[in-house]
Structures are given as structure tokens and as C-alpha cells.
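Visitor: work.cif is reproduced below (mmCIF, C-alpha atoms).
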```cif
data_query
loop_
_atom_site.group_PDB
_atom_site.id
_atom_site.type_symbol
_atom_site.label_atom_id
_atom_site.label_comp_id
_atom_site.auth_asym_id
_atom_site.auth_seq_id
_atom_site.Cartn_x
_atom_site.Cartn_y
_atom_site.Cartn_z
ATOM 1 C CA MET A 56 54.123 220.299 66.135
ATOM 2 C CA ARG A 57 56.946 217.955 65.170
ATOM 3 C CA LEU A 58 57.494 217.483 61.448
ATOM 4 C CA SER A 59 59.870 214.556 61.830
ATOM 5 C CA PRO A 60 61.408 212.455 64.612
ATOM 6 C CA ASP A 61 64.657 214.331 63.943
ATOM 7 C CA GLU A 62 63.446 217.107 66.207
ATOM 8 C CA LEU A 63 62.969 214.874 69.240
ATOM 9 C CA VAL A 64 66.440 214.942 70.796
ATOM 10 C CA PHE A 65 67.215 212.514 73.601
ATOM 11 C CA TRP A 66 70.823 213.378 74.285
ATOM 12 C CA GLN A 67 73.257 215.938 72.976
ATOM 13 C CA TRP A 68 76.984 216.367 73.466
ATOM 14 C CA GLY A 69 78.501 219.053 71.290
ATOM 15 C CA PRO A 70 77.856 218.201 67.636
ATOM 16 C CA VAL A 71 76.865 214.632 68.548
ATOM 17 C CA VAL A 72 73.073 214.471 68.632
ATOM 18 C CA LEU A 73 71.141 211.375 69.601
ATOM 19 C CA ASN A 74 67.656 211.944 68.200
ATOM 20 C CA ALA A 75 64.595 209.739 67.921
ATOM 21 C CA THR A 76 65.348 208.783 64.314
ATOM 22 C CA LEU A 77 68.671 207.217 65.274
ATOM 23 C CA VAL A 78 67.321 205.466 68.341
ATOM 24 C CA PHE A 79 64.326 203.961 66.564
ATOM 25 C CA THR A 80 66.444 202.970 63.545
ATOM 26 C CA TRP A 81 68.729 201.072 65.894
ATOM 27 C CA LEU A 82 65.686 199.545 67.569
ATOM 28 C CA VAL A 83 64.310 198.266 64.250
ATOM 29 C CA MET A 84 67.748 196.966 63.247
ATOM 30 C CA ALA A 85 68.173 195.205 66.578
ATOM 31 C CA LEU A 86 64.697 193.701 66.299
ATOM 32 C CA LEU A 87 65.388 192.322 62.823
ATOM 33 C CA VAL A 88 68.911 191.082 63.569
ATOM 34 C CA VAL A 89 68.215 189.530 66.972
ATOM 35 C CA GLY A 90 64.947 188.019 65.775
ATOM 36 C CA SER A 91 66.546 186.384 62.755
ATOM 37 C CA TRP A 92 69.550 185.267 64.836
ATOM 38 C CA LEU A 93 67.298 183.656 67.459
ATOM 39 C CA VAL A 94 65.313 181.829 64.788
ATOM 40 C CA THR A 95 68.213 180.699 62.612
ATOM 41 C CA ARG A 96 70.205 179.363 65.590
ATOM 42 C CA ARG A 97 68.376 176.062 65.393
ATOM 43 C CA LEU A 98 67.087 175.219 61.934
ATOM 44 C CA GLU A 99 65.031 172.150 61.129
ATOM 45 C CA PRO A 100 65.616 170.661 57.694
ATOM 46 C CA GLY A 101 62.478 168.524 57.837
ATOM 47 C CA THR A 102 58.805 169.272 58.248
ATOM 48 C CA GLY A 103 58.793 169.612 62.036
ATOM 49 C CA MET A 104 60.007 173.200 62.018
ATOM 50 C CA ARG A 105 59.299 175.852 64.614
ATOM 51 C CA ARG A 106 56.882 178.709 64.115
ATOM 52 C CA GLY A 107 59.603 181.334 63.756
ATOM 53 C CA GLN A 108 61.401 179.401 61.064
ATOM 54 C CA ASN A 109 58.124 178.938 59.228
ATOM 55 C CA VAL A 110 57.449 182.699 59.280
ATOM 56 C CA LEU A 111 60.926 183.596 58.066
ATOM 57 C CA GLU A 112 60.929 180.957 55.341
ATOM 58 C CA ALA A 113 57.515 182.051 54.086
ATOM 59 C CA THR A 114 58.661 185.698 54.032
ATOM 60 C CA VAL A 115 61.867 184.968 52.134
ATOM 61 C CA VAL A 116 60.111 182.680 49.656
ATOM 62 C CA TRP A 117 57.448 185.320 49.031
ATOM 63 C CA ILE A 118 59.992 188.100 48.484
ATOM 64 C CA ARG A 119 62.020 185.847 46.199
ATOM 65 C CA GLY A 120 58.914 184.985 44.172
ATOM 66 C CA GLN A 121 57.995 188.651 43.787
ATOM 67 C CA ILE A 122 61.531 189.478 42.628
ATOM 68 C CA ALA A 123 61.524 186.547 40.201
ATOM 69 C CA GLU A 124 58.348 187.897 38.598
ATOM 70 C CA VAL A 125 59.944 191.272 37.880
ATOM 71 C CA ALA A 126 63.488 190.086 37.063
ATOM 72 C CA PRO A 127 63.286 186.461 35.948
ATOM 73 C CA GLY A 128 66.504 184.507 36.456
ATOM 74 C CA ASP A 129 68.124 187.197 38.578
ATOM 75 C CA ALA A 130 66.194 186.750 41.808
ATOM 76 C CA ASP A 131 69.135 185.534 43.873
ATOM 77 C CA ARG A 132 71.314 188.498 42.899
ATOM 78 C CA PHE A 133 68.771 191.085 44.010
ATOM 79 C CA LEU A 134 67.286 189.231 46.975
ATOM 80 C CA PRO A 135 69.729 190.491 49.670
ATOM 81 C CA PHE A 136 69.527 194.182 48.772
ATOM 82 C CA VAL A 137 65.851 194.504 47.847
ATOM 83 C CA GLY A 138 64.725 192.149 50.610
ATOM 84 C CA THR A 139 66.619 194.172 53.210
ATOM 85 C CA LEU A 140 65.067 197.417 51.976
ATOM 86 C CA PHE A 141 61.574 195.941 52.077
ATOM 87 C CA LEU A 142 61.939 194.326 55.511
ATOM 88 C CA PHE A 143 63.432 197.441 57.122
ATOM 89 C CA ILE A 144 60.806 199.817 55.725
ATOM 90 C CA ALA A 145 57.914 197.442 56.360
ATOM 91 C CA VAL A 146 58.903 196.738 59.972
ATOM 92 C CA SER A 147 59.506 200.383 60.819
ATOM 93 C CA ASN A 148 56.192 201.388 59.211
ATOM 94 C CA LEU A 149 54.219 198.630 60.919
ATOM 95 C CA LEU A 150 55.699 199.418 64.326
ATOM 96 C CA ALA A 151 54.075 202.859 64.056
ATOM 97 C CA ALA A 152 51.031 201.225 65.660
ATOM 98 C CA VAL A 153 53.041 200.784 68.866
ATOM 99 C CA PRO A 154 52.588 203.737 71.240
ATOM 100 C CA PHE A 155 55.586 206.102 71.617
ATOM 101 C CA PHE A 156 57.261 204.572 68.576
ATOM 102 C CA GLU A 157 57.982 207.087 65.843
ATOM 103 C CA PRO A 158 58.734 205.406 62.514
ATOM 104 C CA PRO A 159 62.272 206.359 61.424
ATOM 105 C CA THR A 160 61.038 206.354 57.822
ATOM 106 C CA GLY A 161 59.062 209.498 58.713
ATOM 107 C CA SER A 162 62.329 211.429 58.682
ATOM 108 C CA LEU A 163 63.745 212.739 55.431
ATOM 109 C CA SER A 164 67.291 211.777 56.466
ATOM 110 C CA THR A 165 66.418 208.066 56.707
ATOM 111 C CA THR A 166 64.565 207.952 53.401
ATOM 112 C CA ALA A 167 67.287 209.995 51.688
ATOM 113 C CA ALA A 168 69.861 207.502 52.963
ATOM 114 C CA LEU A 169 67.829 204.574 51.640
ATOM 115 C CA ALA A 170 67.344 206.256 48.263
ATOM 116 C CA GLY A 171 71.074 207.031 48.213
ATOM 117 C CA CYS A 172 71.791 203.330 48.702
ATOM 118 C CA VAL A 173 69.621 202.597 45.641
ATOM 119 C CA PHE A 174 71.342 205.403 43.711
ATOM 120 C CA PHE A 175 74.765 203.824 44.272
ATOM 121 C CA ALA A 176 73.598 200.227 43.970
ATOM 122 C CA VAL A 177 72.239 200.760 40.433
ATOM 123 C CA PRO A 178 75.650 201.396 38.793
ATOM 124 C CA LEU A 179 77.301 198.745 40.995
ATOM 125 C CA TYR A 180 74.906 196.016 39.894
ATOM 126 C CA GLY A 181 74.964 197.299 36.314
ATOM 127 C CA ILE A 182 78.756 197.323 36.062
ATOM 128 C CA ALA A 183 79.020 193.920 37.729
ATOM 129 C CA ARG A 184 76.712 192.461 35.104
ATOM 130 C CA ARG A 185 77.556 194.314 31.892
ATOM 131 C CA GLY A 186 81.014 195.733 32.476
ATOM 132 C CA LEU A 187 81.901 199.428 32.659
ATOM 133 C CA ARG A 188 81.620 199.956 28.891
ATOM 134 C CA GLY A 189 78.291 198.227 28.581
ATOM 135 C CA TYR A 190 76.869 200.127 31.525
ATOM 136 C CA LEU A 191 78.013 203.544 30.309
ATOM 137 C CA LYS A 192 76.783 202.747 26.832
ATOM 138 C CA GLN A 193 73.164 202.741 27.935
ATOM 139 C CA TYR A 194 73.452 206.455 28.671
ATOM 140 C CA VAL A 195 74.214 207.312 25.051
ATOM 141 C CA THR A 196 71.699 204.985 23.393
ATOM 142 C CA PRO A 197 69.902 205.677 21.115
ATOM 143 C CA THR A 198 71.734 209.018 20.687
ATOM 144 C CA PRO A 199 74.153 211.019 22.867
ATOM 145 C CA LEU A 200 71.545 213.775 22.842
ATOM 146 C CA MET A 201 69.719 211.807 25.531
ATOM 147 C CA LEU A 202 72.628 211.987 27.980
ATOM 148 C CA PRO A 203 71.429 215.030 29.990
ATOM 149 C CA PHE A 204 67.933 213.611 30.245
ATOM 150 C CA GLN A 205 69.212 210.245 31.433
ATOM 151 C CA ILE A 206 71.298 211.942 34.151
ATOM 152 C CA ILE A 207 68.404 214.168 35.202
ATOM 153 C CA GLY A 208 66.188 211.092 35.279
ATOM 154 C CA GLU A 209 68.604 209.238 37.579
ATOM 155 C CA LEU A 210 68.734 212.156 40.018
ATOM 156 C CA SER A 211 65.019 212.944 39.977
ATOM 157 C CA ARG A 212 63.945 209.350 40.547
ATOM 158 C CA THR A 213 66.248 209.167 43.572
ATOM 159 C CA LEU A 214 64.661 212.333 44.935
ATOM 160 C CA ALA A 215 61.209 210.934 44.162
ATOM 161 C CA LEU A 216 61.961 207.702 46.048
ATOM 162 C CA ALA A 217 63.069 209.608 49.138
ATOM 163 C CA VAL A 218 60.305 212.220 49.176
ATOM 164 C CA ARG A 219 57.521 209.713 48.390
ATOM 165 C CA LEU A 220 58.294 207.463 51.343
ATOM 166 C CA PHE A 221 58.899 210.427 53.665
ATOM 167 C CA GLY A 222 55.708 212.207 52.628
ATOM 168 C CA ASN A 223 53.518 209.151 53.007
ATOM 169 C CA VAL A 224 54.788 208.069 56.417
ATOM 170 C CA MET A 225 55.007 211.607 57.776
ATOM 171 C CA SER A 226 51.512 212.518 56.590
ATOM 172 C CA GLY A 227 50.116 209.381 58.234
ATOM 173 C CA THR A 228 51.741 210.245 61.561
ATOM 174 C CA MET A 229 50.698 213.873 61.296
ATOM 175 C CA ILE A 230 47.053 213.145 60.495
ATOM 176 C CA VAL A 231 46.850 210.951 63.588
ATOM 177 C CA ALA A 232 48.448 213.717 65.682
ATOM 178 C CA ILE A 233 46.024 216.357 64.347
ATOM 179 C CA LEU A 234 43.004 214.094 64.912
ATOM 180 C CA LEU A 235 44.233 213.358 68.443
ATOM 181 C CA ALA A 236 44.126 217.079 69.152
ATOM 182 C CA LEU A 237 40.698 217.583 67.516
ATOM 183 C CA ALA A 238 38.682 214.452 68.308
ATOM 184 C CA PRO A 239 40.632 212.137 70.570
ATOM 185 C CA PHE A 240 40.222 208.490 71.487
ATOM 186 C CA LEU A 241 38.136 206.980 68.679
ATOM 187 C CA PHE A 242 38.640 208.929 65.462
ATOM 188 C CA PRO A 243 42.406 208.444 65.111
ATOM 189 C CA VAL A 244 42.037 204.650 65.128
ATOM 190 C CA PRO A 245 40.735 204.208 61.543
ATOM 191 C CA MET A 246 43.348 206.651 60.275
ATOM 192 C CA GLN A 247 46.011 204.637 62.073
ATOM 193 C CA ALA A 248 44.722 201.440 60.445
ATOM 194 C CA LEU A 249 44.878 203.220 57.102
ATOM 195 C CA GLY A 250 48.420 204.264 57.979
ATOM 196 C CA LEU A 251 49.371 200.597 58.478
ATOM 197 C CA LEU A 252 48.040 199.759 55.010
ATOM 198 C CA THR A 253 49.797 202.752 53.434
ATOM 199 C CA GLY A 254 53.027 201.878 55.201
ATOM 200 C CA LEU A 255 53.026 198.332 53.874
ATOM 201 C CA VAL A 256 52.120 199.464 50.349
ATOM 202 C CA GLN A 257 54.853 202.102 50.414
ATOM 203 C CA ALA A 258 57.426 199.542 51.558
ATOM 204 C CA TYR A 259 56.342 197.313 48.676
ATOM 205 C CA VAL A 260 56.457 200.195 46.194
ATOM 206 C CA PHE A 261 59.895 201.325 47.365
ATOM 207 C CA ALA A 262 61.262 197.791 47.008
ATOM 208 C CA VAL A 263 59.646 197.183 43.606
ATOM 209 C CA LEU A 264 60.784 200.526 42.200
ATOM 210 C CA SER A 265 64.375 200.039 43.313
ATOM 211 C CA LEU A 266 64.217 196.500 41.913
ATOM 212 C CA ILE A 267 63.032 197.850 38.556
ATOM 213 C CA TYR A 268 65.864 200.400 38.502
ATOM 214 C CA LEU A 269 68.426 197.719 39.363
ATOM 215 C CA ALA A 270 67.036 195.248 36.838
ATOM 216 C CA SER A 271 66.844 197.775 33.991
ATOM 217 C CA ALA A 272 70.442 198.875 34.583
ATOM 218 C CA SER A 273 71.812 195.333 34.602
ATOM 219 C CA ARG A 274 69.742 193.904 31.785
ATOM 220 C CA ALA A 275 71.713 192.190 29.025
ATOM 221 C CA ARG A 276 72.530 194.444 26.111
ATOM 222 C CA GLU A 277 70.736 192.470 23.416
ATOM 223 C CA ASP A 278 67.420 193.243 25.095
ATOM 224 C CA GLY A 279 67.938 196.936 24.442
ATOM 225 C CA PRO A 280 67.655 199.692 27.039
ATOM 226 C CA GLY A 281 65.044 199.127 29.689
ATOM 227 C CA PRO A 282 62.402 201.557 30.873
ATOM 228 C CA SER A 283 63.878 204.292 33.007
ATOM 229 C CA MET B 496 58.195 244.252 54.366
ATOM 230 C CA GLU B 497 55.775 243.490 57.097
ATOM 231 C CA PRO B 498 55.933 239.964 58.517
ATOM 232 C CA THR B 499 52.160 239.574 58.321
ATOM 233 C CA TRP B 500 52.298 239.756 54.534
ATOM 234 C CA ILE B 501 54.744 236.877 54.440
ATOM 235 C CA ALA B 502 52.528 234.834 56.766
ATOM 236 C CA LEU B 503 49.467 235.658 54.663
ATOM 237 C CA ALA B 504 51.160 234.737 51.408
ATOM 238 C CA SER B 505 52.528 231.500 52.885
ATOM 239 C CA ILE B 506 49.204 230.332 54.278
ATOM 240 C CA VAL B 507 47.218 231.148 51.144
ATOM 241 C CA THR B 508 49.854 229.585 48.911
ATOM 242 C CA ALA B 509 49.985 226.444 51.046
ATOM 243 C CA GLY B 510 46.233 225.977 50.741
ATOM 244 C CA LEU B 511 46.268 226.662 47.007
ATOM 245 C CA THR B 512 49.200 224.300 46.484
ATOM 246 C CA LEU B 513 47.458 221.449 48.226
ATOM 247 C CA ALA B 514 44.104 222.116 46.526
ATOM 248 C CA VAL B 515 45.420 222.448 42.986
ATOM 249 C CA GLY B 516 48.052 219.784 43.465
ATOM 250 C CA SER B 517 45.587 217.125 44.515
ATOM 251 C CA ILE B 518 43.153 217.591 41.627
ATOM 252 C CA GLY B 519 45.445 216.265 38.916
ATOM 253 C CA PRO B 520 46.660 213.150 40.760
ATOM 254 C CA ALA B 521 43.070 212.386 41.841
ATOM 255 C CA PHE B 522 41.901 212.307 38.218
ATOM 256 C CA GLY B 523 44.962 210.365 37.179
ATOM 257 C CA GLU B 524 44.587 207.739 39.887
ATOM 258 C CA ALA B 525 40.883 207.355 39.177
ATOM 259 C CA ARG B 526 41.644 206.713 35.522
ATOM 260 C CA ALA B 527 44.401 204.251 36.334
ATOM 261 C CA VAL B 528 42.250 202.270 38.754
ATOM 262 C CA ALA B 529 39.300 202.219 36.361
ATOM 263 C CA GLN B 530 41.469 200.925 33.536
ATOM 264 C CA ALA B 531 43.066 198.325 35.792
ATOM 265 C CA LEU B 532 39.642 197.107 36.952
ATOM 266 C CA ALA B 533 38.493 196.773 33.359
ATOM 267 C CA ALA B 534 41.667 194.877 32.518
ATOM 268 C CA ILE B 535 41.237 192.514 35.482
ATOM 269 C CA ALA B 536 37.605 191.917 34.506
ATOM 270 C CA GLN B 537 38.724 190.963 31.021
ATOM 271 C CA GLN B 538 41.711 188.868 32.047
ATOM 272 C CA PRO B 539 41.337 187.577 35.621
ATOM 273 C CA ASP B 540 44.375 185.323 35.145
ATOM 274 C CA GLU B 541 46.668 188.320 34.834
ATOM 275 C CA ALA B 542 45.356 189.924 38.041
ATOM 276 C CA ASN B 543 48.715 189.555 39.829
ATOM 277 C CA THR B 544 50.745 191.367 37.208
ATOM 278 C CA ILE B 545 48.105 194.037 36.705
ATOM 279 C CA THR B 546 47.828 194.682 40.425
ATOM 280 C CA ARG B 547 51.587 195.025 40.847
ATOM 281 C CA THR B 548 51.900 197.385 37.899
ATOM 282 C CA LEU B 549 48.897 199.319 39.195
ATOM 283 C CA PHE B 550 50.498 199.811 42.606
ATOM 284 C CA VAL B 551 53.765 200.998 41.121
ATOM 285 C CA GLY B 552 51.937 203.333 38.766
ATOM 286 C CA LEU B 553 49.732 204.674 41.538
ATOM 287 C CA ALA B 554 52.815 205.429 43.613
ATOM 288 C CA MET B 555 54.313 207.291 40.659
ATOM 289 C CA ILE B 556 51.145 209.336 40.123
ATOM 290 C CA GLU B 557 50.725 209.940 43.808
ATOM 291 C CA SER B 558 54.215 211.354 44.205
ATOM 292 C CA THR B 559 53.177 214.598 42.507
ATOM 293 C CA ALA B 560 50.487 215.057 45.149
ATOM 294 C CA ILE B 561 53.033 214.200 47.826
ATOM 295 C CA TYR B 562 55.400 216.883 46.515
ATOM 296 C CA CYS B 563 52.640 219.453 46.844
ATOM 297 C CA PHE B 564 51.831 218.197 50.332
ATOM 298 C CA VAL B 565 55.440 218.407 51.494
ATOM 299 C CA LEU B 566 55.772 221.855 49.949
ATOM 300 C CA SER B 567 52.691 223.164 51.722
ATOM 301 C CA LEU B 568 53.858 221.646 55.016
ATOM 302 C CA ILE B 569 57.222 223.382 54.605
ATOM 303 C CA LEU B 570 55.382 226.658 53.928
ATOM 304 C CA LEU B 571 53.241 226.206 57.029
ATOM 305 C CA PHE B 572 55.609 224.754 59.622
ATOM 306 C CA ALA B 573 59.183 225.290 58.451
ATOM 307 C CA ASN B 574 58.968 228.468 56.411
ATOM 308 C CA PRO B 575 62.470 229.759 55.594
ATOM 309 C CA PHE B 576 61.234 233.294 54.717
ATOM 310 C CA TRP B 577 59.327 233.560 57.991
ATOM 311 C CA ASP B 578 62.412 232.402 59.912
ATOM 312 C CA PHE B 579 64.507 235.006 58.088
ATOM 313 C CA VAL B 580 62.110 237.824 58.976
ATOM 314 C CA ILE B 581 61.898 236.714 62.610
ATOM 315 C CA GLU B 582 65.670 236.542 62.824
ATOM 316 C CA ARG B 583 66.110 240.005 61.360
ATOM 317 C CA ALA B 584 63.472 241.480 63.630
ATOM 318 C CA GLY B 585 65.132 239.860 66.632
ATOM 319 C CA GLY B 586 68.576 241.044 65.607
ATOM 320 C CA GLY B 587 67.395 244.629 65.431
#
```
Would you give me this structure, written as C-alpha cells?

Guide:
Amino acid sequence: MRLSPDELVFWQWGPVVLNATLVFTWLVMALLVVGSWLVTRRLEPGTGMRRGQNVLEATVVWIRGQIAEVAPGDADRFLPFVGTLFLFIAVSNLLAAVPFFEPPTGSLSTTAALAGCVFFAVPLYGIARRGLRGYLKQYVTPTPLMLPFQIIGELSRTLALAVRLFGNVMSGTMIVAILLALAPFLFPVPMQALGLLTGLVQAYVFAVLSLIYLASASRAREDGPGPS
Amino acid sequence: MEPTWIALASIVTAGLTLAVGSIGPAFGEARAVAQALAAIAQQPDEANTITRTLFVGLAMIESTAIYCFVLSLILLFANPFWDFVIERAGGG
């Protein structure tokens, strides 16, 4: 039984391995990029817009509204990063309903890479907003005794982000595989529908959690330290 | 050390991990959902904020269960001790 799409190797040349995770990540990226490029080639400023433009505009407006509810006034700063995370995870989780597609988020390497992006984006956004001094100061408030706990908290929440997404997507795929072996044809379908719901919720949770981390690191100093 | 003992310990521990590890999060999630429902019933206007906070909190609670699940899967399908024993037996 395959634990992750990492173990499905299409092509290998020495240390260069082309596995299913890479291929399906590229597929999702190509789908998002080419789709958006096709739609944004001809934009209508008025009301007579095409269907694709309507879908994209509604998506972006919804994401922006959700960000504005969590981080009021900062929505446009976080929209590119958080929106990209959400769209990538949501599309790759939803495509799991397509036969022979293995969601790349079901591999620990993909989710660890995404969580690593969040890990490095938090200090970047924080320093850009509050300066190096202001950002580092939040580690030693209220007392320097909290410094080890703050650092442990940063590392453990990154690990939690990665393992949560991986565990959810991988367990969904694996339950369907086990049910296919036990009671094929009809029983896996409800579990797959449940997997779609879980995938969307997990994409939302991943995006909201990383948004909360970003927003709490770059909050203005007078508000005090945010929740970690 | 006989390999069967390692297999036995791994399988039993995997089952115990999953069983014990899902009790706590189940109680926690039930409590969280019940409280959120009561809050929504009292303040239907705040349903959006409550629902979002509920989802984030549920994901946080659930991650402990997910850790146990991943751990038991590692014990069952990618057991490092089992691999070590097999390797040593194969090497002579």
C-alpha cells in the first residue's frame, strides 16, 4: 500500500527522481496559471463579463473579504501569499475526485514545503511592517524568560501545519483505497465526498492559520503581542 | 530479539495509539461544537465569526488525533525498527 504519492516513481535518472508528487504539483500549477492567463487575457470592465472572469472575480473578492475580517486594513498585503496557499491546496484537494489523480498535498514533502514558506514569511512580513527591532522585541515581551517557549512555539506550529494537512489528505485517500479493497464500487463514494469536504476545510484552515500567524507577527506594537 | 516480537509490539501499540489518541480529541471537539452551537443560538448575527473560529479551533484540536494517526500508520507501514531487523537478518 502506498503511503504517499512520493513512492509512485514515473522516471528515474541517477539521483533525479520524477515522482507523482512532482508531476501532479506541476499539473495543478499549470492548471491554475494557464486558467488564470486564459481568463485575464481579455477583461471586461463593464457588466457584460465572461463566465470565467466572473468566477475569478468572485473568488478573489471572497478571499479578500475573509482576510479583511481577520486582519482589518491589511487585506491587500496578505492577499497574494494567503490566496495562493488557499487556491493551490484547495485545487489539489478537490482534484482528488478525478480518477488517477493523487493529490500532491497527500505527501509530507509538499506540505512541509508549504509550511516552510509560512515559517519564513512570518518574519519577512513582520520585519517589513515593524522593523527588525520591533519584530525581535515581541520574542522578549513580557519577559525574556518566554524566549525559549516562543521559539518552540514557532517550530511546533510549523510542524503542526505540515502534519495536519498531510494527515488529513492522506487519511482520506487511504480510507478510499482500503474501502475499494473491502467493498468496492459503492461504499467508497460517500467517503470520497467526505474527502472533498475535508479537503476544502483543510485548505481554509491552512490559509486562515497562516494568516493569523502573519497578522500577529506584523501587528503594530501599541496593540501588544498577539496570540501565538 | 525475535522479529515477531517487534511486529507484535508495533501492531498492538498502533492500535492502542489510535484508540487512546482519538478519545481526547473526540471529547474536545464535541465540547467545542456544543459551545459554538449555543453561542450561535444566542447571537445569530455573529454566526460568521463563530463559525470561522470554530473551524480553526477544531483543526487545532484535531491535530492531536492526526498525530496519533500518522504515528500508528508509521508503526504499521513504515516501521523503522522492523526495517532494521529485516536488514540485519538479510545481511547475515

Visitor: Run the PyMOL selection byres ((chain B) within 7 of (chain A)) against the file shown and list the residues it catches, as a list in words.

Guide: Phe550, Val551, Ala554, Ser558, Ile561 and Val565 of chain B

Visitor: Once the PyMOL selection byres ((chain B and resi 508-522) around 8) is applied to the coordinates I shared, what remains selected? I want it as number ranges by chain.

Guide: B: 504-507, 523-526, 556-557, 559-560, 563-564, 566-568, 570-571

Visitor: Which residues, written as number ranges by chain, have at least one atom at most 7 Å from region 136-139 of chain A, with only C-alpha atoms counted and residues fewer than 4 positions away on the same chain left out?

Guide: A: 118, 143, 262, 266

Visitor: As an MDAnalysis selection string, please: the residues near Val224 (chain A) (cut-off 7 Å, all atoms listed in the file, same-chain neighbours under 5 positions excluded).

Guide: chainID A and resid 160:161 254

Visitor: For the atom pair CA of Arg132 (chain A) and CA of Thr196 (chain A), what is the interatomic distance in Å to one decimal place?

Guide: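 One can read the CA of Arg132 (chain A) to CA of Thr196 (chain A) distance as 25.5 Å.
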
Visitor: Excluding Val115 (chain A) and its own-chain neighbours fewer than 3 positions away, which residues fall within 12 Å of it when counting all atoms listed in the file? Please give them as a VMD selection string.

Guide: chain A and resid 91 108 to 112 118 to 122 130 to 131 134 to 135 137 to 139 141 to 142

Visitor: Would you kindly return, as an NGL selection string, each protein, DNA or RNA residue with an atom no farther than 10 Å from any atom of Tyr180 (chain A), considering all atoms listed in the file and excluding same-chain residues fewer than 2 positions away?

Guide: :A and (132-133 or 175-178 or 182-186 or 190 or 269-270 or 272-274)

Visitor: Which residues come within 10 Å of region 82-84 of chain A, counting all atoms listed in the file, excluding same-chain residues fewer than 6 positions away, as a list in words?

Guide: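 The filter keeps Thr76, Gly90, Leu142, Phe143, Ile144, Val146, Ser147, Leu150, Phe156, Pro158 and Pro159 of chain A.
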
Visitor: Would you save the residues of that selection, restricted to C-alpha atoms, as a short mmCIF file (atom, residue, chain, number, x, y, z; two decimals), in the coordinates of the input?

Guide:
```cif
data_model
loop_
_atom_site.label_atom_id
_atom_site.label_comp_id
_atom_site.auth_asym_id
_atom_site.auth_seq_id
_atom_site.Cartn_x
_atom_site.Cartn_y
_atom_site.Cartn_z
CA THR A 76 65.35 208.78 64.31
CA GLY A 90 64.95 188.02 65.78
CA LEU A 142 61.94 194.33 55.51
CA PHE A 143 63.43 197.44 57.12
CA ILE A 144 60.81 199.82 55.72
CA VAL A 146 58.90 196.74 59.97
CA SER A 147 59.51 200.38 60.82
CA LEU A 150 55.70 199.42 64.33
CA PHE A 156 57.26 204.57 68.58
CA PRO A 158 58.73 205.41 62.51
CA PRO A 159 62.27 206.36 61.42
#
```

Visitor: Calculate how many Å separate CA of Val88 (chain A) from CA of Thr213 (chain A), rounding to one decimal.

Guide: 27.1 Å

Visitor: Can you measure CA of Ala152 (chain A) to CA of Asn543 (chain B) for me? One decimal in Å is fine.

Guide: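 CA of Asn543 (chain B) lies at a distance of 28.4 Å from CA of Ala152 (chain A).
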
Visitor: Using 6 Å of padding on each side, determine the axis-aligned box around all atoms of region 200-213 of chain A present in the file and give its centre and edge lengths in Å to one decimal, as AutoDock Vina command-line options.

Guide:
```
--center_x 68.3 --center_y 212.1 --center_z 33.2 --size_x 20.7 --size_y 17.9 --size_z 32.7
```

Visitor: In terms of the shortest atom-to-atom distance over all atoms listed in the file, which of B:Ala531, B:Ile569, B:Ile581, B:Leu503 is closest to Leu549 (chain B)?

Guide: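 When distances to Leu549 (chain B) are compared using all atoms listed in the file, the smallest one comes from B:Ala531.
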
Visitor: Please, could N, CA and C atoms be added to region 128-142 of chain A and the result written as a short mmCIF file (atom, residue, chain, number, x, y, z; two decimals), keeping the file's coordinate frame?

Guide:
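What follows is the written file part-v2.cif:
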```
data_model
loop_
_atom_site.label_atom_id
_atom_site.label_comp_id
_atom_site.auth_asym_id
_atom_site.auth_seq_id
_atom_site.Cartn_x
_atom_site.Cartn_y
_atom_site.Cartn_z
N GLY A 128 65.15 185.03 36.56
CA GLY A 128 66.50 184.51 36.46
C GLY A 128 67.53 185.23 37.30
N ASP A 129 67.17 186.42 37.80
CA ASP A 129 68.12 187.20 38.58
C ASP A 129 67.73 187.32 40.04
N ALA A 130 66.77 186.53 40.48
CA ALA A 130 66.19 186.75 41.81
C ALA A 130 67.24 186.66 42.90
N ASP A 131 68.19 185.72 42.78
CA ASP A 131 69.14 185.53 43.87
C ASP A 131 70.16 186.67 43.95
N ARG A 132 70.38 187.37 42.84
CA ARG A 132 71.31 188.50 42.90
C ARG A 132 70.70 189.67 43.65
N PHE A 133 69.40 189.90 43.43
CA PHE A 133 68.77 191.08 44.01
C PHE A 133 68.15 190.83 45.37
N LEU A 134 68.01 189.55 45.73
CA LEU A 134 67.29 189.23 46.98
C LEU A 134 67.89 189.90 48.21
N PRO A 135 69.22 189.89 48.43
CA PRO A 135 69.73 190.49 49.67
C PRO A 135 69.43 191.98 49.77
N PHE A 136 69.69 192.73 48.70
CA PHE A 136 69.53 194.18 48.77
C PHE A 136 68.05 194.58 48.86
N VAL A 137 67.26 194.09 47.90
CA VAL A 137 65.85 194.50 47.85
C VAL A 137 65.09 193.96 49.05
N GLY A 138 65.41 192.72 49.45
CA GLY A 138 64.72 192.15 50.61
C GLY A 138 65.02 192.93 51.88
N THR A 139 66.27 193.37 52.03
CA THR A 139 66.62 194.17 53.21
C THR A 139 65.86 195.49 53.22
N LEU A 140 65.81 196.16 52.06
CA LEU A 140 65.07 197.42 51.98
C LEU A 140 63.62 197.20 52.39
N PHE A 141 62.99 196.16 51.80
CA PHE A 141 61.57 195.94 52.08
C PHE A 141 61.35 195.63 53.55
N LEU A 142 62.17 194.73 54.12
CA LEU A 142 61.94 194.33 55.51
C LEU A 142 62.13 195.51 56.45
#
```
